[in-house]
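Asks: Quick one: the structure is below, questions incoming.
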Amino acid sequence: AGKRTGPNAEIHRYPLRQTTAGRDKEIGTLEVVADVDAIYRQVGGLALAIVLGNAIKTFLVVLFMVALFRRLVSGRLEALADKLRRRVAGVSPAPSAAAALALPGGLDELDAVDWVLERTTDELAAAVAGMRELNAALAAQVAEKEAALRQHEAAEQKIEFIAFHDSLTGLPNQQLAEDRFGQAMAYAERERCKVALLFLDLDNFKTINDSLGHAVGDGLIREVAARLRDCVRDTDSISRRGGDEFLIILPDMPEPDATAPILVKLMERLLDQ
């Protein structure tokens, strides 16, 4: 039995009976009072406790994940930056992002999360800035090495060209001509064809050189070399043997008479005004 405790209370009455000598007799009434407001308060208290408990758990998980992310990501970025920094000279050191997490005192939970997030963001930005600086330094060093390599290759090509070509006309010199003549002979023996050698000597070149000067003589030699190039095939070789002498190698000739059209073309081209 109970008493009504609020305006939203509900009362239920149940009669109490006793059987005596085969006859039912009512001996009293059981009154049950249900206070709906009290039930609502209990349910609300339990729900609030559950929500607060979950909120605290979520906060702790977030705080743990932030700290773990900061330790793993920031620490590894800084470690990688340190390794690269040791290999790259002249790069200014970036601020350390691996300092221990030490919360200042007097912060509640939300302030602590905000402090950790802000510090983590700053340290990640510093680590990213350091990585960008290192990337720029590495890119500059790679570009510098590539430029040096290109210059070295160009120098080697120039040295090789000078070693096997005439400095005035750019034609193959005697050493390169001998090598190409050997290749032409080997090809002729293999393919059963002919190789023709044409020897060209300019008459009175010394008189031109002495009377008009070496500059005019050099210009004449270069003009003759250019005209000879216009008259031969890509597979043919023209060599300057020195002074006013030229040698023309004509490989893969079917017969000796095949040189006649080439000789006519050479004479006509050299006589052009």
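Each chain of the structure tokens is named A, B, ... in the order shown, its residues numbered from 1; ligands are numbered from 1 in display order.
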With the cut-off set at 9 Å and counting only C-alpha atoms, tabulate each residue of stretch 193-212 of chain A with an atom at most that distance from an atom of stretch 166-188 of chain A, showing the nearest atom pair and its distance in Å to one decimal, ordered by chain and increasing number, as JSON lines.
Replies:
```
{"residue": "A:Cys193", "atom": "CA", "partner": "A:Ala188", "partner_atom": "CA", "distance": 4.7}
{"residue": "A:Lys194", "atom": "CA", "partner": "A:Ala188", "partner_atom": "CA", "distance": 5.7}
{"residue": "A:Val195", "atom": "CA", "partner": "A:Met185", "partner_atom": "CA", "distance": 6.7}
```
Asks: With only C-alpha atoms as the counted atoms, please give the residues lying no more than 9 Å from A:Val232, apart from itself and same-chain residues fewer than 3 positions off, as a list of chain:residue names.
Replies: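 The neighbour list is A:Leu228, A:Arg229, A:Thr235, A:Asp236, A:Ser237, A:Ile238, A:Ile248, A:Leu250, A:Ile262, A:Leu266.
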Asks: Suppose we keep C-alpha atoms; can you now write the selection as a short mmCIF file (atom, residue, chain, number, x, y, z; two decimals), in the first residue's frame?
Replies:
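After the write, selection-v2.cif holds the following:
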```
data_model
loop_
_atom_site.label_atom_id
_atom_site.label_comp_id
_atom_site.auth_asym_id
_atom_site.auth_seq_id
_atom_site.Cartn_x
_atom_site.Cartn_y
_atom_site.Cartn_z
CA LEU A 228 81.55 18.81 -101.87
CA ARG A 229 78.94 17.92 -99.25
CA THR A 235 76.71 7.21 -96.80
CA ASP A 236 79.76 8.82 -98.45
CA SER A 237 82.59 10.43 -96.49
CA ILE A 238 84.61 13.54 -97.26
CA ILE A 248 86.14 11.32 -100.85
CA LEU A 250 82.28 6.28 -102.00
CA ILE A 262 79.50 11.85 -109.32
CA LEU A 266 81.55 17.57 -108.48
#
```
Asks: From a DSSP calculation on the backbone, collect every residue of stretch 128-269 of chain A in strand (DSSP E or B) and output the set as a PyMOL selection string.
Replies: chain A and resi 165+172+194-201+237-242+245-253
Asks: Considering only C-alpha atoms, return as a list in words whatever protein or nucleic-acid residues lie within 9 Å of A:Ala196, sequence-local ones (same chain, fewer than 3 positions apart) excluded.
Replies: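 Within the cut-off, the hits are Ile248, Ile249, Leu250, Pro251, Asp252, Met253, Pro256 and Thr259 of chain A.
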Asks: Based on DSSP run over this structure's backbone, return all residues of stretch 148-202 of chain A in helix (DSSP H, G or I), as a CSV table (one decimal) with N, CA and C atoms, in the first residue's frame.
Replies:
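Result file states.csv:
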```
chain,number,residue,atom,x,y,z
A,148,ALA,N,75.4,20.2,-64.7
A,148,ALA,CA,76.9,19.8,-64.7
A,148,ALA,C,77.1,18.6,-65.6
A,149,LEU,N,76.1,17.6,-65.5
A,149,LEU,CA,76.3,16.4,-66.4
A,149,LEU,C,76.1,16.8,-67.8
A,150,ARG,N,75.1,17.7,-68.2
A,150,ARG,CA,75.0,18.1,-69.6
A,150,ARG,C,76.2,18.8,-70.1
A,151,GLN,N,76.8,19.6,-69.2
A,151,GLN,CA,78.0,20.3,-69.7
A,151,GLN,C,79.2,19.4,-69.9
A,152,HIS,N,79.2,18.4,-69.0
A,152,HIS,CA,80.3,17.3,-69.1
A,152,HIS,C,80.1,16.5,-70.4
A,153,GLU,N,78.9,16.1,-70.7
A,153,GLU,CA,78.6,15.4,-71.9
A,153,GLU,C,78.9,16.2,-73.1
A,154,ALA,N,78.5,17.5,-73.1
A,154,ALA,CA,78.8,18.4,-74.2
A,154,ALA,C,80.3,18.6,-74.4
A,155,ALA,N,81.0,18.7,-73.3
A,155,ALA,CA,82.5,18.8,-73.4
A,155,ALA,C,83.1,17.6,-74.0
A,156,GLU,N,82.6,16.4,-73.6
A,156,GLU,CA,83.1,15.1,-74.1
A,156,GLU,C,82.8,15.0,-75.6
A,157,GLN,N,81.6,15.4,-76.0
A,157,GLN,CA,81.3,15.3,-77.4
A,157,GLN,C,82.1,16.3,-78.2
A,158,LYS,N,82.4,17.5,-77.7
A,158,LYS,CA,83.2,18.5,-78.4
A,158,LYS,C,84.6,17.9,-78.5
A,159,ILE,N,85.1,17.3,-77.4
A,159,ILE,CA,86.5,16.8,-77.5
A,159,ILE,C,86.6,15.7,-78.5
A,160,GLU,N,85.6,14.8,-78.5
A,160,GLU,CA,85.6,13.7,-79.5
A,160,GLU,C,85.5,14.2,-80.9
A,161,PHE,N,84.7,15.3,-81.1
A,161,PHE,CA,84.5,15.8,-82.4
A,161,PHE,C,85.9,16.5,-82.9
A,162,ILE,N,86.5,17.2,-82.0
A,162,ILE,CA,87.8,17.8,-82.3
A,162,ILE,C,88.8,16.8,-82.6
A,163,ALA,N,88.8,15.6,-81.9
A,163,ALA,CA,89.8,14.6,-82.1
A,163,ALA,C,89.7,13.9,-83.5
A,164,PHE,N,88.4,13.9,-84.0
A,164,PHE,CA,88.2,13.1,-85.3
A,164,PHE,C,87.8,14.0,-86.4
A,174,GLN,N,92.0,12.6,-91.1
A,174,GLN,CA,92.6,11.4,-91.7
A,174,GLN,C,92.3,10.2,-90.8
A,175,GLN,N,92.4,10.3,-89.5
A,175,GLN,CA,92.2,9.2,-88.6
A,175,GLN,C,90.7,8.6,-88.8
A,176,LEU,N,89.7,9.5,-88.8
A,176,LEU,CA,88.4,9.0,-88.9
A,176,LEU,C,88.1,8.5,-90.4
A,177,ALA,N,88.8,9.1,-91.3
A,177,ALA,CA,88.6,8.7,-92.7
A,177,ALA,C,89.2,7.2,-92.9
A,178,GLU,N,90.3,6.9,-92.2
A,178,GLU,CA,90.8,5.6,-92.3
A,178,GLU,C,89.9,4.6,-91.7
A,179,ASP,N,89.2,5.0,-90.6
A,179,ASP,CA,88.3,4.1,-89.9
A,179,ASP,C,87.1,3.8,-90.8
A,180,ARG,N,86.6,4.9,-91.5
A,180,ARG,CA,85.4,4.7,-92.3
A,180,ARG,C,85.8,3.9,-93.6
A,181,PHE,N,87.0,4.1,-94.1
A,181,PHE,CA,87.5,3.3,-95.2
A,181,PHE,C,87.5,1.8,-94.9
A,182,GLY,N,88.0,1.5,-93.7
A,182,GLY,CA,88.0,0.1,-93.3
A,182,GLY,C,86.6,-0.5,-93.2
A,183,GLN,N,85.7,0.3,-92.7
A,183,GLN,CA,84.3,-0.2,-92.6
A,183,GLN,C,83.7,-0.4,-94.0
A,184,ALA,N,84.0,0.6,-94.9
A,184,ALA,CA,83.5,0.4,-96.3
A,184,ALA,C,84.1,-0.8,-97.0
A,185,MET,N,85.4,-1.1,-96.8
A,185,MET,CA,86.0,-2.3,-97.4
A,185,MET,C,85.4,-3.6,-96.8
A,186,ALA,N,85.2,-3.6,-95.5
A,186,ALA,CA,84.5,-4.8,-94.9
A,186,ALA,C,83.2,-5.0,-95.5
A,187,TYR,N,82.4,-3.9,-95.7
A,187,TYR,CA,81.1,-4.0,-96.3
A,187,TYR,C,81.2,-4.5,-97.7
A,188,ALA,N,82.1,-4.0,-98.5
A,188,ALA,CA,82.3,-4.4,-99.9
A,188,ALA,C,82.6,-5.8,-100.0
A,189,GLU,N,83.5,-6.4,-99.1
A,189,GLU,CA,83.8,-7.8,-99.2
A,189,GLU,C,82.6,-8.6,-98.9
A,190,ARG,N,81.8,-8.2,-97.9
A,190,ARG,CA,80.7,-8.9,-97.5
A,190,ARG,C,79.6,-8.9,-98.5
A,191,GLU,N,79.3,-7.8,-99.1
A,191,GLU,CA,78.2,-7.6,-100.1
A,191,GLU,C,78.7,-7.7,-101.5
```
Asks: I'd like to know which of A:Leu200, A:Val224, A:Ala129, A:Met267 is closest to A:Arg241, using only C-alpha atoms.
Replies: A:Leu200
Asks: Take atom CA of A:Glu223 and atom CA of A:Phe205 and report the distance between them in Å, one decimal.
Replies: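 Atom CA of A:Phe205 lies at a distance of 13.2 Å from atom CA of A:Glu223.
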Asks: Hey, can you check how far atom CA of A:Ala260 sits from atom CA of A:Leu198?
Replies: 11.0 Å
